[in-house]
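Source file protein-v5.txt; content: compact mmCIF, C-alpha atoms.
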```txt
# COMPACT_ATOMS: atom_id res chain seq x y z
CA MET A 1 -10.81 13.83 31.67
CA HIS A 2 -8.76 16.99 31.20
CA GLU A 3 -6.02 14.99 29.43
CA LEU A 4 -8.62 13.41 27.15
CA ILE A 5 -10.04 16.79 26.10
CA HIS A 6 -6.54 18.20 25.63
CA CYS A 7 -5.57 15.29 23.32
CA PHE A 8 -8.81 15.63 21.39
CA LYS A 9 -8.30 19.37 20.81
CA HIS A 10 -4.63 18.91 19.90
CA SER A 11 -5.48 16.17 17.39
CA LEU A 12 -8.28 18.27 15.91
CA GLU A 13 -5.96 21.25 15.47
CA GLU A 14 -3.42 19.07 13.66
CA ILE A 15 -5.96 17.59 11.27
CA ILE A 16 -7.74 20.88 10.42
CA ILE A 17 -4.46 22.30 9.10
CA LEU A 18 -4.03 19.26 6.84
CA ILE A 19 -7.47 19.27 5.20
CA PRO A 20 -6.79 21.79 2.37
CA PHE A 21 -3.45 20.16 1.54
CA LEU A 22 -5.01 16.69 1.52
CA PHE A 23 -7.83 17.86 -0.74
CA ILE A 24 -5.41 19.40 -3.25
CA ALA A 25 -3.27 16.25 -3.20
CA PHE A 26 -6.29 14.02 -3.82
CA LEU A 27 -7.57 16.35 -6.54
CA ILE A 28 -4.27 15.99 -8.40
CA ILE A 29 -4.28 12.23 -7.86
CA GLU A 30 -7.88 11.94 -9.10
CA PHE A 31 -6.96 13.90 -12.23
CA ILE A 32 -4.02 11.56 -12.92
CA GLU A 33 -6.25 8.54 -12.28
CA HIS A 34 -8.92 9.77 -14.70
CA LYS A 35 -6.31 10.25 -17.41
CA LEU A 36 -4.43 6.98 -16.88
CA SER A 37 -7.04 4.45 -15.69
CA ASN A 38 -7.91 2.80 -19.01
CA LYS A 39 -4.42 3.29 -20.43
CA SER A 40 -2.85 1.58 -17.41
CA LYS A 41 -5.18 -1.39 -17.75
CA LYS A 42 -4.35 -1.80 -21.45
CA ILE A 43 -0.62 -1.50 -20.79
CA ILE A 44 -0.77 -4.22 -18.12
CA GLU A 45 -2.88 -6.48 -20.34
CA LYS A 46 -0.26 -6.29 -23.11
CA SER A 47 2.81 -6.26 -20.86
CA GLY A 48 3.85 -9.90 -21.29
CA ARG A 49 7.19 -10.70 -19.66
CA LEU A 50 7.73 -7.01 -18.90
CA GLY A 51 4.70 -7.12 -16.60
CA PRO A 52 6.63 -6.76 -13.31
CA LEU A 53 8.51 -3.71 -14.62
CA LEU A 54 5.47 -1.94 -16.05
CA GLY A 55 3.34 -3.02 -13.09
CA SER A 56 5.80 -1.51 -10.62
CA ILE A 57 5.98 1.75 -12.58
CA LEU A 58 2.20 2.05 -12.82
CA GLY A 59 1.81 0.93 -9.21
CA ILE A 60 3.73 3.88 -7.78
CA ILE A 61 1.56 6.31 -9.78
CA PRO A 62 -1.47 7.10 -7.59
CA GLN A 63 -4.47 5.48 -9.27
CA CYS A 64 -7.78 4.63 -7.63
CA GLY A 65 -8.42 0.91 -7.58
CA PHE A 66 -5.46 -0.01 -9.80
CA SER A 67 -4.42 -2.93 -7.57
CA VAL A 68 -8.04 -4.15 -7.71
CA VAL A 69 -8.03 -4.01 -11.52
CA ALA A 70 -4.74 -5.95 -11.50
CA THR A 71 -6.28 -8.54 -9.17
CA ASN A 72 -9.10 -9.23 -11.63
CA LEU A 73 -6.65 -9.42 -14.51
CA TYR A 74 -4.71 -12.02 -12.54
CA ILE A 75 -7.82 -14.02 -11.59
CA THR A 76 -8.67 -14.23 -15.31
CA ARG A 77 -5.00 -15.13 -15.96
CA ILE A 78 -4.47 -12.17 -18.28
CA VAL A 79 -1.43 -11.12 -16.24
CA SER A 80 1.14 -13.21 -14.38
CA LEU A 81 1.53 -13.72 -10.65
CA GLY A 82 4.81 -11.78 -10.77
CA THR A 83 3.02 -8.79 -12.31
CA LEU A 84 0.30 -8.94 -9.65
CA ILE A 85 2.84 -9.11 -6.80
CA ALA A 86 4.87 -6.26 -8.34
CA ILE A 87 1.74 -4.06 -8.40
CA TYR A 88 0.74 -5.03 -4.86
CA LEU A 89 4.20 -4.19 -3.52
CA SER A 90 4.62 -0.89 -5.38
CA THR A 91 1.10 0.45 -4.72
CA SER A 92 1.18 3.20 -2.09
CA ASP A 93 -2.53 3.69 -1.31
CA GLU A 94 -2.90 6.79 0.93
CA MET A 95 0.82 7.19 1.66
CA LEU A 96 1.56 9.81 -0.99
CA PRO A 97 -1.24 12.32 -0.23
CA ILE A 98 -0.43 12.11 3.50
CA LEU A 99 3.27 12.77 2.89
CA ILE A 100 2.42 15.69 0.60
CA SER A 101 -0.08 17.18 3.06
CA ARG A 102 2.47 16.82 5.88
CA LYS A 103 5.00 18.65 3.70
CA ALA A 104 7.47 15.79 3.97
CA ASP A 105 10.86 16.27 2.37
CA VAL A 106 10.81 15.43 -1.35
CA SER A 107 13.87 13.21 -0.92
CA ILE A 108 11.97 11.07 1.63
CA ILE A 109 8.97 10.71 -0.71
CA LEU A 110 11.17 9.74 -3.67
CA GLU A 111 13.18 7.33 -1.52
CA LEU A 112 10.06 5.49 -0.33
CA LEU A 113 8.59 5.32 -3.84
CA PHE A 114 11.84 4.13 -5.40
CA ILE A 115 12.43 1.39 -2.82
CA LYS A 116 8.86 0.12 -3.26
CA PHE A 117 9.25 0.20 -7.05
CA LEU A 118 12.60 -1.62 -6.95
CA ILE A 119 11.46 -4.36 -4.56
CA GLY A 120 8.20 -4.82 -6.47
CA MET A 121 9.95 -5.14 -9.83
CA LEU A 122 12.68 -7.52 -8.60
CA ALA A 123 10.21 -9.72 -6.70
CA GLY A 124 7.90 -9.86 -9.73
CA PHE A 125 10.65 -10.91 -12.14
CA ILE A 126 12.00 -13.56 -9.75
CA ILE A 127 8.52 -15.03 -9.17
CA ASP A 128 7.71 -15.14 -12.89
CA PHE A 129 11.10 -16.73 -13.65
CA PHE A 130 10.54 -19.62 -11.27
CA ILE A 131 6.91 -20.08 -12.35
CA ARG A 132 7.92 -20.26 -16.04
CA LYS A 133 10.63 -22.74 -15.16
CA TYR A 134 8.18 -24.90 -13.17
CA LYS A 135 5.51 -24.80 -15.92
CA LYS A 136 8.05 -25.65 -18.62
CA LYS A 137 9.35 -28.60 -16.60
CA ASN A 138 5.85 -29.92 -15.92
CA LYS A 139 4.44 -28.92 -19.34
CA ILE A 140 1.69 -26.76 -17.83
CA LYS A 141 -0.11 -24.22 -20.03
CA THR A 142 -1.75 -21.07 -18.66
CA LYS A 143 -5.32 -20.51 -19.83
CA GLU A 144 -7.18 -17.24 -19.65
CA ASN A 145 -10.50 -17.36 -17.83
CA PHE A 146 -13.15 -14.73 -18.53
CA ASP A 147 -15.82 -16.09 -16.17
CA ILE A 148 -15.72 -13.14 -13.74
CA CYS A 149 -16.51 -9.49 -14.08
CA HIS A 150 -13.59 -7.09 -14.57
CA ASP A 151 -15.37 -4.18 -12.98
CA GLU A 152 -14.48 -4.72 -9.33
CA ASP A 153 -12.74 -1.37 -8.98
CA CYS A 154 -13.88 1.61 -6.93
CA HIS A 155 -15.59 3.33 -9.91
CA CYS A 156 -13.79 6.58 -9.11
CA GLU A 157 -13.63 7.39 -12.83
CA GLU A 158 -17.43 7.57 -12.92
CA GLU A 159 -17.60 10.37 -10.34
CA ASN A 160 -16.96 14.08 -10.52
CA LEU A 161 -13.33 14.91 -9.72
CA PHE A 162 -14.26 17.22 -6.86
CA ILE A 163 -16.83 14.85 -5.32
CA SER A 164 -14.42 11.93 -5.46
CA SER A 165 -11.61 14.06 -3.99
CA ILE A 166 -13.85 15.23 -1.15
CA LYS A 167 -14.82 11.62 -0.34
CA HIS A 168 -11.19 10.49 -0.26
CA THR A 169 -10.20 13.52 1.80
CA LEU A 170 -12.93 12.97 4.41
CA LYS A 171 -12.17 9.27 4.71
CA THR A 172 -8.44 9.90 5.12
CA VAL A 173 -9.02 12.77 7.57
CA ILE A 174 -11.05 10.45 9.81
CA PHE A 175 -8.31 7.81 9.82
CA ILE A 176 -5.55 10.37 10.44
CA PHE A 177 -7.53 11.94 13.28
CA LEU A 178 -8.09 8.57 14.96
CA VAL A 179 -4.42 7.59 14.65
CA THR A 180 -3.22 11.02 15.84
CA PHE A 181 -5.67 11.01 18.75
CA PHE A 182 -4.54 7.53 19.78
CA LEU A 183 -0.86 8.51 19.63
CA ASN A 184 -1.41 11.75 21.54
CA LEU A 185 -3.44 9.90 24.14
CA MET A 186 -0.81 7.21 24.60
CA MET A 187 2.00 9.75 24.85
CA GLU A 188 0.01 11.86 27.31
CA PHE A 189 -0.50 8.93 29.68
CA PHE A 190 2.52 6.70 29.03
CA GLY A 191 5.10 8.73 27.13
CA ASP A 192 6.65 8.05 23.73
CA LYS A 193 8.96 5.35 25.10
CA LEU A 194 6.09 2.87 25.54
CA ILE A 195 4.77 3.57 22.03
CA LYS A 196 8.18 2.96 20.52
CA ASN A 197 8.54 -0.26 22.51
CA LEU A 198 5.07 -1.32 21.39
CA PHE A 199 6.09 -1.04 17.75
CA LEU A 200 9.64 -2.22 18.48
CA LYS A 201 11.36 0.84 17.05
CA ASP A 202 15.08 0.28 16.38
CA ASN A 203 14.48 -3.45 16.77
CA LEU A 204 15.76 -5.71 14.00
CA PHE A 205 12.44 -7.61 13.87
CA SER A 206 10.08 -4.61 13.88
CA PRO A 207 9.27 -5.02 10.14
CA PHE A 208 7.52 -8.31 10.95
CA ILE A 209 4.97 -6.35 13.00
CA SER A 210 4.48 -3.48 10.56
CA SER A 211 4.05 -5.99 7.71
CA LEU A 212 1.06 -7.40 9.59
CA VAL A 213 -0.40 -3.90 9.96
CA GLY A 214 0.05 -3.41 6.21
CA LEU A 215 -2.21 -6.38 5.49
CA ILE A 216 -5.25 -4.50 6.88
CA PRO A 217 -7.50 -4.52 3.77
CA ASN A 218 -8.29 -0.81 3.46
CA CYS A 219 -6.53 2.57 3.43
CA ALA A 220 -6.27 2.52 7.23
CA ALA A 221 -3.04 0.51 6.97
CA SER A 222 -1.12 3.09 4.91
CA VAL A 223 -2.54 5.94 7.02
CA ILE A 224 -1.43 4.30 10.27
CA LEU A 225 2.04 3.40 9.00
CA THR A 226 2.72 6.78 7.37
CA GLU A 227 1.58 8.68 10.45
CA LEU A 228 3.68 6.47 12.75
CA TYR A 229 6.71 7.04 10.52
CA LEU A 230 6.23 10.82 10.39
CA SER A 231 5.82 10.80 14.19
CA GLU A 232 9.15 8.93 14.41
CA VAL A 233 7.49 5.99 16.15
CA ILE A 234 8.66 3.45 13.55
CA SER A 235 11.81 3.34 11.41
CA ILE A 236 12.07 3.64 7.63
CA ALA A 237 12.57 -0.14 7.43
CA SER A 238 9.29 -0.71 9.28
CA VAL A 239 7.28 1.76 7.22
CA ILE A 240 8.61 0.27 3.98
CA SER A 241 7.80 -3.29 5.05
CA GLY A 242 4.28 -2.23 6.05
CA LEU A 243 3.68 -0.23 2.89
CA LEU A 244 4.92 -3.12 0.76
CA THR A 245 2.25 -5.43 2.18
CA GLY A 246 -0.48 -2.77 2.00
CA SER A 247 -2.50 -3.19 -1.20
CA GLY A 248 -5.80 -1.74 0.04
CA VAL A 249 -8.93 -3.77 -0.66
CA ALA A 250 -7.27 -5.76 -3.45
CA LEU A 251 -6.74 -8.79 -1.22
CA LEU A 252 -10.44 -8.86 -0.35
CA VAL A 253 -11.23 -8.91 -4.07
CA LEU A 254 -8.70 -11.72 -4.57
CA PHE A 255 -10.26 -13.89 -1.89
CA ARG A 256 -13.76 -13.16 -3.15
CA GLY A 257 -13.06 -13.63 -6.86
CA ASN A 258 -10.47 -16.40 -6.90
CA LYS A 259 -11.95 -19.76 -5.90
CA ASN A 260 -8.54 -21.34 -5.20
CA ILE A 261 -8.19 -20.66 -1.46
CA LYS A 262 -4.77 -22.32 -1.24
CA GLU A 263 -3.48 -20.04 -3.98
CA ASN A 264 -4.92 -16.98 -2.22
CA LEU A 265 -3.25 -17.95 1.06
CA PHE A 266 0.02 -18.55 -0.80
CA ILE A 267 -0.17 -15.04 -2.32
CA LEU A 268 -0.99 -13.54 1.08
CA GLY A 269 1.95 -15.35 2.68
CA LEU A 270 4.24 -14.36 -0.20
CA ILE A 271 3.38 -10.68 0.17
CA TYR A 272 3.91 -10.82 3.93
CA PHE A 273 7.25 -12.62 3.56
CA ILE A 274 8.57 -10.18 0.93
CA GLY A 275 7.48 -7.15 3.00
CA ALA A 276 8.86 -8.44 6.30
CA PHE A 277 12.10 -9.79 4.80
CA SER A 278 12.73 -6.55 2.83
CA GLY A 279 12.27 -4.48 5.99
CA PHE A 280 14.51 -6.88 7.93
CA VAL A 281 17.30 -6.51 5.35
CA ILE A 282 16.96 -2.70 5.31
CA ASN A 283 17.06 -2.68 9.12
CA LEU A 284 20.15 -4.88 9.07
CA LEU A 285 21.93 -2.66 6.54
CA THR A 286 21.00 0.47 8.53
CA MET A 287 22.43 -0.99 11.72
CA LEU A 288 25.62 -2.17 10.00
CA PHE A 289 26.31 1.02 8.06
```
Would you write the structure of this file as structure tokens?
Amino acid sequence: MHELIHCFKHSLEEIIILIPFLFIAFLIIEFIEHKLSNKSKKIIEKSGRLGPLLGSILGIIPQCGFSVVATNLYITRIVSLGTLIAIYLSTSDEMLPILISRKADVSIILELLFIKFLIGMLAGFIIDFFIRKYKKKNKIKTKENFDICHDEDCHCEEENLFISSIKHTLKTVIFIFLVTFFLNLMMEFFGDKLIKNLFLKDNLFSPFISSLVGLIPNCAASVILTELYLSEVISIASVISGLLTGSGVALLVLFRGNKNIKENLFILGLIYFIGAFSGFVINLLTMLF
């Protein structure tokens, strides 16, 4: 019981310090989102073959519900599958505000963002290339479908900046506290060695586990992965693979809005494969060099 109280207090102390930094980070992000929301949507709608490039660029910029907007644009066939995947892979969800609030080194933040952007862009272009080739060979034409509503986003732009920032801060604080409390509890009773073994740190195949965590359809995934990385429980390869597969609630919107279940499962599998394989390659390169 004493250990439990100690872990609770320690976790609470850690999170209280973060609250003002998280709020400021979210306030800045909300401001950017308010300014870019409609512009980003219009850019993606008119992106054409440059969709994966523009999608990856816009994906790394913190914007509330951007991956959800992209999902609806894909369901209506306004954007390509490559563009959708590029946005999913580059989107960071809660990663950036957590890194900022934890005062992570700028080089680490830029490295994570750049790798996600690069993988998202390359994957998007490759996917679109093969799809165009397949459609040309089989003489298939893509038709836009406007049967669903485009307003499946989180409606953050309709709220006051401060109210929306407070909501995001509180939600993230709860997740961080739960993750921190769990880690402190596990280390108190079992030590950090068990935790690292649990997540297979320094194991070549650890990205396959973190990629599964990334598929959790809310901000909990990016919170868990970022906190584990900052606590040195998982490697950079694992956190990248998990963050690549983490697209927030966008996958839920895809499965709800797109009636083609086989296509949805294919997209889910594709995201998982790209995330896990990318992490595996990074792990391999890290071990070799």
| query | CA of Ala86 (chain A) to CA of Leu118 (chain A): how many Å, to one decimal? | reply |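 Those two atoms sit 9.1 Å apart.
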| query | From the set A:Ser231, A:Ser206, A:Ser80, A:Phe114, which residue has the shortest atom-to-atom contact distance to Phe277 (chain A), counting all atoms listed in the file? | reply | A:Ser206
| query | With all atoms listed in the file as the atoms that count, which of A:Ile176, A:Leu228, A:Val249, A:Ile274 lies nearest to Ile15 (chain A)? | reply |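 Using all atoms listed in the file, the shortest distance to Ile15 (chain A) belongs to A:Ile176.
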| Shell around Asn264 (chain A) at 8 Å using all atoms listed in the file, local window under 6 positions removed, as an NGL selection string | :A and (254-255 or 258)
| task | Rounded to one decimal place, report the CA of Val179 (chain A)-CA of Phe8 (chain A) distance in Å. | result |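 Those two atoms sit 11.4 Å apart.
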Distance query region 87-93 of chain A at most 7 Å, only C-alpha atoms, self and fewer than 2 positions along chain excluded, as an mmCIF file with C-alpha atoms, in the frame of the given file:
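Resulting contents of out.cif:
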```cif
data_model
loop_
_atom_site.group_PDB
_atom_site.id
_atom_site.type_symbol
_atom_site.label_atom_id
_atom_site.label_comp_id
_atom_site.auth_asym_id
_atom_site.auth_seq_id
_atom_site.Cartn_x
_atom_site.Cartn_y
_atom_site.Cartn_z
ATOM 1 C CA GLY A 55 3.340 -3.020 -13.090
ATOM 2 C CA SER A 56 5.800 -1.510 -10.620
ATOM 3 C CA GLY A 59 1.810 0.930 -9.210
ATOM 4 C CA ILE A 60 3.730 3.880 -7.780
ATOM 5 C CA SER A 67 -4.420 -2.930 -7.570
ATOM 6 C CA THR A 83 3.020 -8.790 -12.310
ATOM 7 C CA LEU A 84 0.300 -8.940 -9.650
ATOM 8 C CA ILE A 85 2.840 -9.110 -6.800
ATOM 9 C CA MET A 95 0.820 7.190 1.660
ATOM 10 C CA LEU A 96 1.560 9.810 -0.990
ATOM 11 C CA LYS A 116 8.860 0.120 -3.260
ATOM 12 C CA PHE A 117 9.250 0.200 -7.050
ATOM 13 C CA GLY A 120 8.200 -4.820 -6.470
ATOM 14 C CA CYS A 219 -6.530 2.570 3.430
ATOM 15 C CA SER A 222 -1.120 3.090 4.910
ATOM 16 C CA LEU A 243 3.680 -0.230 2.890
ATOM 17 C CA LEU A 244 4.920 -3.120 0.760
ATOM 18 C CA THR A 245 2.250 -5.430 2.180
ATOM 19 C CA SER A 247 -2.500 -3.190 -1.200
ATOM 20 C CA GLY A 248 -5.800 -1.740 0.040
#
```
| Neighbour list for Leu204 (chain A) as a VMD selection string, cut-off 8 Å, only C-alpha atoms, skip fewer than 5 positions in-chain | chain A and resid 280 283 to 284
| Pro97 (chain A): which residues within 7 Å, counting all atoms listed in the file, same-chain residues fewer than 3 positions away excluded, as a PyMOL selection string? | chain A and resi 22+25-26+94+100-101
| query | Which distance in Å separates CA of Ile224 (chain A) and CA of Ser241 (chain A), to one decimal? | reply |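 Rounded to one decimal, the two atoms are 13.0 Å apart.
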| task | Go through A:Ala250, A:Leu178, A:Leu53, A:Ala70 and flag the residue nearest Leu215 (chain A), using only C-alpha atoms for the distances. | result |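 Under the stated criterion, the closest residue is A:Ala250.
Residue neighbourhood of Ile24 (chain A), excluding near-sequence residues (fewer than 2 positions): A:Leu18, A:Ile19, A:Pro20, A:Phe21, A:Leu22, A:Phe26, A:Leu27, A:Ile28, A:Ile29, A:Glu30, A:Phe31, A:Pro97, A:Ile98, A:Ile100, A:Ser101, A:Leu161, A:Phe162, A:Ser164, A:Ser165, A:Ile166, A:His168, A:Thr169, at 12 Å, using all atoms listed in the file.
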| Residue among A:Lys259, A:Phe208, A:Arg49, A:Phe266 lying closest to Val281 (chain A), counting all atoms listed in the file | A:Phe208
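Of the residues under consideration (A:Ile131, A:Ile282, A:Val68, A:Ile16), A:Ile282 shows the shortest atom-to-atom contact distance to Pro207 (chain A) when counting only C-alpha atoms.
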| Shortest interatomic distance to Tyr74 (chain A) - which of A:Glu232, A:Glu111, A:Glu263, A:Glu227, counting all atoms listed in the file |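 Checking each of A:Glu232, A:Glu111, A:Glu263, A:Glu227 against Tyr74 (chain A), counting all atoms listed in the file, the winner is A:Glu263.
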